[in-house]
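**Q** Dumping the structure here so I can ask a few things about it.
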Amino acid sequence: MALLFGFNLITLFFLLVVLRCFLTYSYEENELGTLSSLSSGKSFNVDDYGAKGDGISDDTRAFKLAWQEACSTSGALLSVPSSKKYLLKPITFSGPCKSGITVEIDGKLLATDDRSNYKWSQRHWLLFSNIKELVVQGHGTIDGNGKIWWENSCKVNKKLPCKDAPTAVTFYGCNNLTVRNFKVQNAQKMHMVFEKCKNVKATGLTVTAPQRSPNTDGIHVTRTRNIQITSCIISTGDDCISIVSGSHNVRATRITCGPGHGISIGSLGAHNSKADVSDVIVDRVTFDGTTNGVRIKTWQGGSGTASRIQFQNLKMKNVANPIIIDQSYCDQEEECQQQDSAVQVKDVTYESISGTSSSQYAVVFNCSSSSGPCQGITMKNVNLVTEDGTTTGKAICNNVKLTIVGSVSPRCS
């Protein structure tokens with residue numbers, strides 16, 4: 001009996017030891033799993049790296065330090081807190097980074113207006129370079145503080161020499177990029193540029209600058225493939241959206257544009273260069289008080305093609321040039337010389353476009369005689385009248401091969 005009792009105690013002790021080991025292992029495994037999960041989504045707040053956010057102190061170094069940490073961490077979140085204003089000099093957020101990095105902008109980023117700070121970075125203020133799987137989002141504001149640049153522009157003061165000015169936000173060589181929901185305003189020059197990027201989604205952006213601010217394009221697309229620009233409100237002193245050479249498979253949908261210069265393909269072919277733009281769709285856009293609606297603009301002397309372009313479901317409200325192809329574009333003081341070549345414009349469709357023109361010429365096709373006519377141009381269900389709504393607009397059609405489908409007004413005579 002004593003032997004049996006001793007055996008039971010030993011068995012019980014053994015079972016308790018095994019149970020404790022099991023519980024300890026489970027707890028440690030759970031803790032490690034939790035720590036691993038936290039590290040894969042770690043947050044880096046710029047305030048923790050010395051940013052003041054008072055709109056006076058230079059916070060550039062703090063942003064650089066926070067970026068270095070975030071870039072080297074998988075699934076990192078770089079956080080810019082709300083209700084603060086961060087003064088920044090030109091800064092580059094460089095990759096490559098560990099994938100899945102998010103920049104959350106809930107406060108305001110304010111550009112320094114000391115032009116001497118741009119001595120070594122004359123073309124960029126905020127530059128995101130060579131980053132994959134980047135998300136830039138938030139409910140904050142990026143403010144280029146551009147007034148000093150506009151006042152010193154040769155477009156404003158003809159006596160001043162023409163000098164470059166920085167773009168507010170540039171994405172260069174970024175693949176699988178998402179940009180959404182924040183505001184960009186008062187850029188020094190262009191507001192947002194996508195250059196040499198692939199697979200881009202830009203949505204829910206609000207881009208604003210005074211109507212007379214020079215060269216302040218809202219969104220500029222260059223050498224970029226597979227980009228969707230959706231649900232944006234853009235009001236600037238230049239093109240709402242400009243799409244230039246090397247850009248393919250571009251979609252701009254549900255855009256409100258104006259004031260500004262409309263949505264442009266180009267300019268293309270400047271300085272006798274070769275251009276190539278294709279597979280562009282502009283859909284469900286409202287133009288309000290713009291100098292142009294949808295425009296294709298090319299310089300004389302260029303080469304290459306602009307093709308497979310579709311403009312559809314567009315509303316024009318008091319637009320000076322609702323539909324325009326201009327192959328004699330000349331944005332310089334001296335007169336441009338007549339040249340023997342031009343970018344070929346072909347396979348362009350204008351469908352379901354209506355509204356009012358503030359000028360008598362609602363449709364202008366000024367195509368080049370040297371490169372051959374604009375080919376494969378189709379107009380389908382277009383109705384544009386003068387601003388008072390009582391008179392049909394007029395059309396100018398030079399060197400264009402045009403197909404009419406459905407009800408189209410005005411028509412080429």
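How things are named: the first chain in the structure tokens is A, the next is B, and so on; residues count from 1 in each chain; ligands count from 1 in the order shown.
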Can you tell me, as an NGL selection string, what residues are no more than 6 Å from Gly237 (chain A) when counting only C-alpha atoms, ignoring any on the same chain fewer than 3 positions away?

**A** :A and (211-214 or 216 or 260)

**Q** Produce a table with one row for each residue of region 34-153 of chain A that has an atom at most 8 Å from any atom of region 174-177 of chain A, each row naming the nearest atom pair and its distance in Å at one decimal; use only C-alpha atoms; arrange rows by chain and rising residue number; format as a Markdown table.

**A**
```
| residue | atom | partner | partner_atom | distance |
| --- | --- | --- | --- | --- |
| A:Phe128 | CA | A:Cys174 | CA | 7.7 |
| A:Ser129 | CA | A:Cys174 | CA | 6.4 |
| A:Asn130 | CA | A:Cys174 | CA | 5.0 |
| A:Ile131 | CA | A:Cys174 | CA | 4.9 |
| A:Lys132 | CA | A:Asn175 | CA | 4.9 |
| A:Glu133 | CA | A:Asn176 | CA | 5.0 |
| A:Leu134 | CA | A:Leu177 | CA | 5.1 |
| A:Val135 | CA | A:Leu177 | CA | 6.0 |
```

**Q** Could you turn the residues from that selection into a file that holds C-alpha atoms, as an mmCIF file, in the first residue's frame?

**A**
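Output below, filename part.cif:
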```cif
data_model
loop_
_atom_site.group_PDB
_atom_site.id
_atom_site.type_symbol
_atom_site.label_atom_id
_atom_site.label_comp_id
_atom_site.auth_asym_id
_atom_site.auth_seq_id
_atom_site.Cartn_x
_atom_site.Cartn_y
_atom_site.Cartn_z
ATOM 1 C CA PHE A 128 10.266 59.400 -53.373
ATOM 2 C CA SER A 129 12.785 57.399 -55.376
ATOM 3 C CA ASN A 130 13.008 53.723 -56.374
ATOM 4 C CA ILE A 131 10.594 52.234 -53.829
ATOM 5 C CA LYS A 132 8.369 49.199 -54.373
ATOM 6 C CA GLU A 133 5.004 48.589 -52.677
ATOM 7 C CA LEU A 134 4.821 52.154 -51.330
ATOM 8 C CA VAL A 135 1.590 53.652 -49.970
#
```

**Q** Could you list, as a ChimeraX atom specification, every residue within 9 Å of Asp388 (chain A), counting only C-alpha atoms and ignoring same-chain residues fewer than 5 positions away?

**A** /A:356-358

**Q** Listing only residues of region 201-286 of chain A within 10 Å of region 291-312 of chain A, what is the closest atom pair and its distance in Å (to one decimal) for each, using only C-alpha atoms, sorted by chain and residue number ascending, as a tab-separated table?

**A**
```
residue	atom	partner	partner_atom	distance
A:Asp238	CA	A:Thr291	CA	9.2
A:Asp239	CA	A:Asn292	CA	8.8
A:Cys240	CA	A:Gly293	CA	9.9
A:Ile241	CA	A:Val294	CA	9.9
A:Ser242	CA	A:Arg295	CA	9.5
A:Ile243	CA	A:Ile296	CA	9.5
A:Val244	CA	A:Ala306	CA	9.5
A:Ser245	CA	A:Ala306	CA	8.7
A:Ser247	CA	A:Ala306	CA	10.0
A:His248	CA	A:Arg308	CA	9.8
A:Asn249	CA	A:Arg308	CA	9.6
A:Val250	CA	A:Ile309	CA	9.5
A:Arg251	CA	A:Gln310	CA	9.8
A:Ala252	CA	A:Phe311	CA	9.7
A:Thr253	CA	A:Gln312	CA	9.7
A:Cys257	CA	A:Gly293	CA	8.9
A:Gly258	CA	A:Thr291	CA	8.8
A:Pro259	CA	A:Thr291	CA	7.9
A:Gly260	CA	A:Thr291	CA	6.5
A:His261	CA	A:Thr291	CA	4.9
A:Gly262	CA	A:Gly293	CA	4.7
A:Ile263	CA	A:Val294	CA	5.1
A:Ser264	CA	A:Arg295	CA	4.7
A:Ile265	CA	A:Ile296	CA	4.7
A:Gly266	CA	A:Lys297	CA	5.2
A:Ser267	CA	A:Lys297	CA	5.0
A:Leu268	CA	A:Thr298	CA	4.6
A:Gly269	CA	A:Gly302	CA	3.9
A:Ala270	CA	A:Trp299	CA	5.4
A:His271	CA	A:Gly302	CA	7.1
A:Asn272	CA	A:Gly302	CA	4.2
A:Ser273	CA	A:Gly302	CA	5.0
A:Lys274	CA	A:Ser303	CA	4.6
A:Ala275	CA	A:Gly304	CA	4.8
A:Asp276	CA	A:Thr305	CA	5.1
A:Val277	CA	A:Ala306	CA	4.8
A:Ser278	CA	A:Ser307	CA	4.9
A:Asp279	CA	A:Arg308	CA	4.9
A:Val280	CA	A:Ile309	CA	4.7
A:Ile281	CA	A:Gln310	CA	4.8
A:Val282	CA	A:Phe311	CA	4.9
A:Asp283	CA	A:Gln312	CA	5.0
A:Arg284	CA	A:Gln312	CA	6.7
A:Val285	CA	A:Gln312	CA	8.3
A:Thr286	CA	A:Gly293	CA	9.0
```

**Q** Using Å and a single decimal, report how far CA of Lys89 (chain A) sits from CA of Ile219 (chain A).

**A**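 For CA of Ile219 (chain A) relative to CA of Lys89 (chain A), the distance reads 21.7 Å.
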
**Q** How far is it from CA of Thr386 (chain A) to CA of Lys315 (chain A), in Å with one decimal?

**A**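 It comes out at 13.6 Å.
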
**Q** Check the DSSP output for the backbone and give back, as a VMD selection string, the residues of region 12-211 of chain A in strand (DSSP E).

**A** chain A and resid 43 to 45 54 to 58 77 to 80 85 to 88 91 to 94 101 to 105 108 to 111 124 to 129 134 to 137 141 to 143 167 to 172 175 to 180 183 to 185 192 to 195 198 to 203 206 to 208

**Q** Find the residues near Gly393 (chain A): any atom within 8 Å, counting only C-alpha atoms, skip ones fewer than 3 places away on the same chain, and give them as a PyMOL selection string.

**A** chain A and resi 357+359-363+384-386+409-410

**Q** Per DSSP on the backbone, filter region 136-190 of chain A down to the residues in alpha helix (DSSP H) and report them as a VMD selection string.

**A** chain A and resid 147 to 151

**Q** Just to be explicit: take each residue in the selection above, keep C-alpha atoms, and write the result as an mmCIF file, in the first residue's frame.

**A**
```
data_model
loop_
_atom_site.group_PDB
_atom_site.id
_atom_site.type_symbol
_atom_site.label_atom_id
_atom_site.label_comp_id
_atom_site.auth_asym_id
_atom_site.auth_seq_id
_atom_site.Cartn_x
_atom_site.Cartn_y
_atom_site.Cartn_z
ATOM 1 C CA LYS A 147 4.216 82.244 -53.765
ATOM 2 C CA ILE A 148 7.868 83.355 -53.792
ATOM 3 C CA TRP A 149 8.509 81.126 -56.814
ATOM 4 C CA TRP A 150 5.495 82.467 -58.736
ATOM 5 C CA GLU A 151 6.552 86.064 -58.095
#
```

**Q** Which one of A:Asn117, A:Ile325, A:Gly389, A:Ser413 sits closest to Cys374 (chain A) if you count only C-alpha atoms?

**A**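 Smallest distance to Cys374 (chain A) is found for A:Ile325.
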
**Q** Please provide as a list of chain:residue names all residues within 7 Å of Thr206 (chain A), with the sequence filter that same-chain residues fewer than 5 positions apart are discarded (counting only C-alpha atoms).

**A** A:Phe182, A:Lys183, A:Val184, A:Cys232, A:Ile233, A:Ile234

**Q** Counting only C-alpha atoms, what is within 7 Å of Asp59 (chain A), bar same-chain residues fewer than 2 positions away, as a compact mmCIF listing (two decimals) with C-alpha atoms, in the first residue's frame?

**A**
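The result, stored in part-v9.txt:
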```
# COMPACT_ATOMS: atom_id res chain seq x y z
CA ALA A 51 10.47 66.82 -35.24
CA LYS A 52 8.90 69.90 -33.63
CA SER A 57 11.83 74.75 -36.80
CA ARG A 61 16.67 65.82 -40.26
CA ALA A 62 13.95 64.18 -38.14
CA PHE A 63 12.13 63.03 -41.28
CA TYR A 86 6.34 70.45 -40.30
CA LEU A 87 8.74 72.79 -42.09
CA LEU A 88 10.93 70.91 -44.57
```

**Q** Which polymer residues have any atom within 10 Å of an atom of Ala66 (chain A), counting only C-alpha atoms, with same-chain residues fewer than 3 positions away left out, as an mmCIF file with all heavy atoms, in the first residue's frame?

**A**
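Final file, result20.cif:
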```cif
data_model
loop_
_atom_site.group_PDB
_atom_site.id
_atom_site.type_symbol
_atom_site.label_atom_id
_atom_site.label_comp_id
_atom_site.auth_asym_id
_atom_site.auth_seq_id
_atom_site.Cartn_x
_atom_site.Cartn_y
_atom_site.Cartn_z
ATOM 1 N N SER A 43 5.529 51.124 -36.223
ATOM 2 C CA SER A 43 5.245 52.510 -36.555
ATOM 3 C C SER A 43 6.413 53.408 -36.160
ATOM 4 O O SER A 43 7.002 53.243 -35.087
ATOM 5 C CB SER A 43 3.972 52.965 -35.834
ATOM 6 O OG SER A 43 3.712 54.324 -36.109
ATOM 7 N N PHE A 44 6.733 54.365 -37.039
ATOM 8 C CA PHE A 44 7.813 55.319 -36.797
ATOM 9 C C PHE A 44 7.221 56.728 -36.883
ATOM 10 O O PHE A 44 6.892 57.210 -37.967
ATOM 11 C CB PHE A 44 8.936 55.134 -37.813
ATOM 12 C CG PHE A 44 9.560 53.766 -37.782
ATOM 13 C CD1 PHE A 44 9.028 52.733 -38.541
ATOM 14 C CD2 PHE A 44 10.654 53.500 -36.973
ATOM 15 C CE1 PHE A 44 9.583 51.469 -38.514
ATOM 16 C CE2 PHE A 44 11.225 52.228 -36.932
ATOM 17 C CZ PHE A 44 10.689 51.213 -37.704
ATOM 18 N N ASN A 45 7.070 57.357 -35.726
ATOM 19 C CA ASN A 45 6.495 58.688 -35.642
ATOM 20 C C ASN A 45 7.612 59.726 -35.751
ATOM 21 O O ASN A 45 8.599 59.665 -35.014
ATOM 22 C CB ASN A 45 5.758 58.835 -34.308
ATOM 23 C CG ASN A 45 4.970 60.116 -34.192
ATOM 24 O OD1 ASN A 45 5.407 61.177 -34.629
ATOM 25 N ND2 ASN A 45 3.790 60.020 -33.575
ATOM 26 N N VAL A 46 7.473 60.681 -36.661
ATOM 27 C CA VAL A 46 8.551 61.652 -36.871
ATOM 28 C C VAL A 46 8.838 62.471 -35.613
ATOM 29 O O VAL A 46 9.964 62.938 -35.414
ATOM 30 C CB VAL A 46 8.223 62.593 -38.054
ATOM 31 C CG1 VAL A 46 8.200 61.821 -39.366
ATOM 32 C CG2 VAL A 46 6.921 63.340 -37.837
ATOM 33 N N ASP A 47 7.852 62.627 -34.749
ATOM 34 C CA ASP A 47 8.083 63.362 -33.504
ATOM 35 C C ASP A 47 9.097 62.655 -32.613
ATOM 36 O O ASP A 47 9.848 63.298 -31.863
ATOM 37 C CB ASP A 47 6.775 63.535 -32.736
ATOM 38 C CG ASP A 47 5.839 64.538 -33.396
ATOM 39 O OD1 ASP A 47 6.238 65.145 -34.415
ATOM 40 O OD2 ASP A 47 4.707 64.701 -32.906
ATOM 41 N N ASP A 48 9.139 61.330 -32.677
ATOM 42 C CA ASP A 48 10.077 60.557 -31.865
ATOM 43 C C ASP A 48 11.518 60.724 -32.336
ATOM 44 O O ASP A 48 12.454 60.308 -31.645
ATOM 45 C CB ASP A 48 9.711 59.073 -31.892
ATOM 46 C CG ASP A 48 8.358 58.804 -31.239
ATOM 47 O OD1 ASP A 48 7.947 59.617 -30.384
ATOM 48 O OD2 ASP A 48 7.718 57.799 -31.594
ATOM 49 N N TYR A 49 11.709 61.341 -33.500
ATOM 50 C CA TYR A 49 13.055 61.548 -34.028
ATOM 51 C C TYR A 49 13.448 63.026 -33.983
ATOM 52 O O TYR A 49 14.406 63.434 -34.628
ATOM 53 C CB TYR A 49 13.139 61.001 -35.457
ATOM 54 C CG TYR A 49 12.992 59.499 -35.493
ATOM 55 C CD1 TYR A 49 11.725 58.913 -35.478
ATOM 56 C CD2 TYR A 49 14.102 58.664 -35.488
ATOM 57 C CE1 TYR A 49 11.573 57.537 -35.476
ATOM 58 C CE2 TYR A 49 13.964 57.283 -35.493
ATOM 59 C CZ TYR A 49 12.700 56.728 -35.482
ATOM 60 O OH TYR A 49 12.561 55.346 -35.468
ATOM 61 N N GLY A 50 12.683 63.807 -33.230
ATOM 62 C CA GLY A 50 13.062 65.189 -32.984
ATOM 63 C C GLY A 50 12.279 66.233 -33.750
ATOM 64 O O GLY A 50 12.574 67.430 -33.640
ATOM 65 N N ALA A 51 11.273 65.836 -34.506
ATOM 66 C CA ALA A 51 10.471 66.818 -35.241
ATOM 67 C C ALA A 51 9.653 67.671 -34.270
ATOM 68 O O ALA A 51 9.049 67.155 -33.331
ATOM 69 C CB ALA A 51 9.556 66.114 -36.228
ATOM 70 N N ARG A 61 15.821 66.896 -40.787
ATOM 71 C CA ARG A 61 16.667 65.825 -40.259
ATOM 72 C C ARG A 61 15.817 64.749 -39.571
ATOM 73 O O ARG A 61 16.076 63.544 -39.736
ATOM 74 C CB ARG A 61 17.688 66.395 -39.273
ATOM 75 C CG ARG A 61 18.542 65.325 -38.593
ATOM 76 C CD ARG A 61 19.646 65.924 -37.744
ATOM 77 N NE ARG A 61 20.276 64.928 -36.898
ATOM 78 C CZ ARG A 61 21.138 64.010 -37.315
ATOM 79 N NH1 ARG A 61 21.473 63.939 -38.585
ATOM 80 N NH2 ARG A 61 21.657 63.133 -36.472
ATOM 81 N N ALA A 62 14.809 65.147 -38.826
ATOM 82 C CA ALA A 62 13.950 64.183 -38.140
ATOM 83 C C ALA A 62 13.244 63.272 -39.152
ATOM 84 O O ALA A 62 13.123 62.058 -38.939
ATOM 85 C CB ALA A 62 12.921 64.908 -37.277
ATOM 86 N N PHE A 63 12.786 63.835 -40.244
ATOM 87 C CA PHE A 63 12.128 63.035 -41.278
ATOM 88 C C PHE A 63 13.113 62.067 -41.925
ATOM 89 O O PHE A 63 12.763 60.918 -42.223
ATOM 90 C CB PHE A 63 11.500 63.941 -42.333
ATOM 91 C CG PHE A 63 10.108 64.403 -41.986
ATOM 92 C CD1 PHE A 63 9.894 65.290 -40.937
ATOM 93 C CD2 PHE A 63 9.015 63.958 -42.699
ATOM 94 C CE1 PHE A 63 8.615 65.719 -40.606
ATOM 95 C CE2 PHE A 63 7.723 64.377 -42.382
ATOM 96 C CZ PHE A 63 7.525 65.256 -41.330
ATOM 97 N N GLU A 69 14.899 54.428 -40.652
ATOM 98 C CA GLU A 69 14.431 53.316 -39.822
ATOM 99 C C GLU A 69 13.263 52.589 -40.492
ATOM 100 O O GLU A 69 13.213 51.365 -40.534
ATOM 101 C CB GLU A 69 13.999 53.842 -38.453
ATOM 102 C CG GLU A 69 15.139 54.368 -37.611
ATOM 103 C CD GLU A 69 15.997 53.257 -37.025
ATOM 104 O OE1 GLU A 69 15.504 52.129 -36.908
ATOM 105 O OE2 GLU A 69 17.169 53.528 -36.705
ATOM 106 N N ALA A 70 12.312 53.362 -41.007
ATOM 107 C CA ALA A 70 11.132 52.759 -41.625
ATOM 108 C C ALA A 70 11.497 51.973 -42.882
ATOM 109 O O ALA A 70 10.975 50.873 -43.115
ATOM 110 C CB ALA A 70 10.110 53.839 -41.964
ATOM 111 N N CYS A 71 12.393 52.509 -43.671
ATOM 112 C CA CYS A 71 12.778 51.873 -44.932
ATOM 113 C C CYS A 71 13.439 50.519 -44.712
ATOM 114 O O CYS A 71 13.338 49.626 -45.545
ATOM 115 C CB CYS A 71 13.711 52.804 -45.702
ATOM 116 S SG CYS A 71 14.190 52.221 -47.341
ATOM 117 N N LEU A 77 5.315 51.673 -40.887
ATOM 118 C CA LEU A 77 4.437 52.829 -41.023
ATOM 119 C C LEU A 77 5.191 54.068 -40.571
ATOM 120 O O LEU A 77 5.600 54.169 -39.406
ATOM 121 C CB LEU A 77 3.179 52.649 -40.170
ATOM 122 C CG LEU A 77 2.247 53.866 -40.065
ATOM 123 C CD1 LEU A 77 1.616 54.169 -41.412
ATOM 124 C CD2 LEU A 77 1.169 53.637 -39.010
ATOM 125 N N LEU A 78 5.395 55.006 -41.479
ATOM 126 C CA LEU A 78 5.985 56.298 -41.129
ATOM 127 C C LEU A 78 4.845 57.273 -40.895
ATOM 128 O O LEU A 78 4.049 57.561 -41.793
ATOM 129 C CB LEU A 78 6.889 56.802 -42.253
ATOM 130 C CG LEU A 78 7.526 58.181 -42.033
ATOM 131 C CD1 LEU A 78 8.474 58.137 -40.840
ATOM 132 C CD2 LEU A 78 8.256 58.648 -43.274
ATOM 133 N N SER A 79 4.750 57.791 -39.661
ATOM 134 C CA SER A 79 3.577 58.570 -39.253
ATOM 135 C C SER A 79 3.906 60.051 -39.093
ATOM 136 O O SER A 79 4.870 60.420 -38.417
ATOM 137 C CB SER A 79 3.034 58.018 -37.928
ATOM 138 O OG SER A 79 1.980 58.800 -37.450
#
```

**Q** Quick one: of A:Val364, A:Ile396, A:Val80, A:Leu126, who's nearest to Lys108 (chain A), counting only C-alpha atoms?

**A**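 Nearest to Lys108 (chain A): A:Val80.
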
**Q** Pick out the closest residue to Val405 (chain A) from this set: A:Ser94, A:Gln332, A:Ser352, A:Gln68. Count only C-alpha atoms.

**A** A:Ser352

**Q** Return the single residue from A:Asp347, A:Glu387, A:Asp164, A:Asp340 that is closest to Pro322 (chain A), with distances computed using only C-alpha atoms.

**A**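 The answer is A:Glu387, which sits nearest to Pro322 (chain A).
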